[in-house]
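> Structure below; questions to follow.
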Amino acid sequence: QVQLVESGGGLVQAGGSLRLSCAASGRTFSSFTMGWFRHLPGKGREFVAAIRWSGGSTYYADSVKGRFTVSRDNAENTVYLQMNSLKPGDTAVYYCAFKLAGRNEPTFSLLSSALAYNYWGRGTQVTVSS
């Protein structure tokens, strides 16, 4: 079992920045991926970004590319999402997710699917005012 706890959400004006954190605890694995998703009002869960723990490869949704950065701290078992140039359309509940490694090299299509992730945090609210 893996427990994920997000923090760092809040209210920010358009153009501002926030950094989300997600601390992982519980079972340890040598190979896995951590992802960030968001649930926009009236819409489903949307992929934001992901990072593979081994090697550090990163993946981003087109809507956040160039504005958001995902990173990790191996020693702290923590993943971060630095969000810059925030827009009102980024307002959502942001969730951290954990995906166990599979047999094959993961594709972007797989890593951007919420169904591929095994464990989820409870989410943190991000509100961007205009």
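Each chain in the structure tokens gets a letter, A, B and so on, in the order shown; residues start at 1 in every chain, and ligands are counted from 1 in the order they appear.
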So that I can check the surroundings of A:Val126, please list as a ChimeraX atom specification every protein, DNA and RNA residue that reaches within 9 Å of it, counting only C-alpha atoms and ignoring chain neighbours fewer than 5 positions away.
/A:8-12,18,90-94
> Export, as a PDB file, in the first residue's frame, the selected residues with C-alpha atoms.

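Okay, result-v3.pdb is ready:
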ATOM      1  CA  GLY A   8       0.613  23.560  -1.351  1.00  0.00           C
ATOM      2  CA  GLY A   9      -2.707  24.454  -2.899  1.00  0.00           C
ATOM      3  CA  GLY A  10      -4.379  27.805  -2.343  1.00  0.00           C
ATOM      4  CA  LEU A  11      -5.693  30.989  -3.881  1.00  0.00           C
ATOM      5  CA  VAL A  12      -3.501  32.959  -6.273  1.00  0.00           C
ATOM      6  CA  LEU A  18       2.234  27.923  -6.686  1.00  0.00           C
ATOM      7  CA  ASP A  90      -6.093  26.149 -14.084  1.00  0.00           C
ATOM      8  CA  THR A  91      -8.553  26.303 -11.196  1.00  0.00           C
ATOM      9  CA  ALA A  92      -9.147  22.721 -10.097  1.00  0.00           C
ATOM     10  CA  VAL A  93      -8.540  20.123  -7.440  1.00  0.00           C
ATOM     11  CA  TYR A  94      -5.074  18.706  -8.095  1.00  0.00           C
TER      12      TYR A  94
END
> Do you know which residues are at most 10 Å from A:Ser7 counting only C-alpha atoms, after dropping those on the same chain fewer than 2 positions away, and could you put them as a ChimeraX atom specification?
/A:5,9-10,19-23,80,94-96,122-125
> Show me, as a list of chain:residue names, the residues that have an atom within 6 Å of stretch 37-54 of chain A when counting only C-alpha atoms, minus same-chain residues fewer than 3 positions from it.
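Result of the neighbour search: A:Ser31, A:Phe32, A:Thr33, A:Met34, A:Ser57, A:Thr58, A:Tyr59, A:Tyr60, A:Ala61, A:Ala92, A:Val93, A:Tyr94, A:Tyr95, A:Ser112.
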> Using DSSP on the backbone coordinates, identify all residues within chain A classified as strand (DSSP E); present the result as a ChimeraX atom specification.
/A:2-7,10-13,18-26,32-39,45-52,58-60,68-73,78-83,92-100,119-120,124-129
> Taking the DSSP assignment computed from this structure's backbone, write out as a PyMOL selection string all residues of chain A that belong to helix (DSSP H, G or I).
chain A and resi 88-90+108-111+114-116
> One decimal, Å: what's the distance from atom CA of A:Ser30 over to atom CA of A:Val2, could you say?
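Those two atoms sit 13.3 Å apart.
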> Quick one: of A:Leu81, A:Leu4, A:Val70, A:Ala75, who's nearest to A:Asn118, counting only C-alpha atoms?
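Of A:Leu81, A:Leu4, A:Val70, A:Ala75, the one nearest A:Asn118 is A:Leu4, counting only C-alpha atoms.
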> Hey, can you check how far atom CA of A:Ala114 sits from atom CA of A:Gly35?
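A separation of 8.9 Å between them.
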> Which is closest to A:Asp73 among A:Phe29, A:Ala24, A:Tyr117, A:Gly102, if we use only C-alpha atoms?
A:Ala24
> Could you please determine the separation between atom CA of A:Val128 and atom CA of A:Leu110 in Å, to one decimal place?
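Straight-line distance from atom CA of A:Val128 to atom CA of A:Leu110 works out to 28.9 Å.
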> Go through A:Asn77, A:Asp62, A:Gly89, A:Gly55 one by one, measure the shortest atom-to-atom distance of each to A:Gly26 using only C-alpha atoms, and give the residue with the smallest value.
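Ranking A:Asn77, A:Asp62, A:Gly89, A:Gly55 by distance to A:Gly26, first place goes to A:Asn77.
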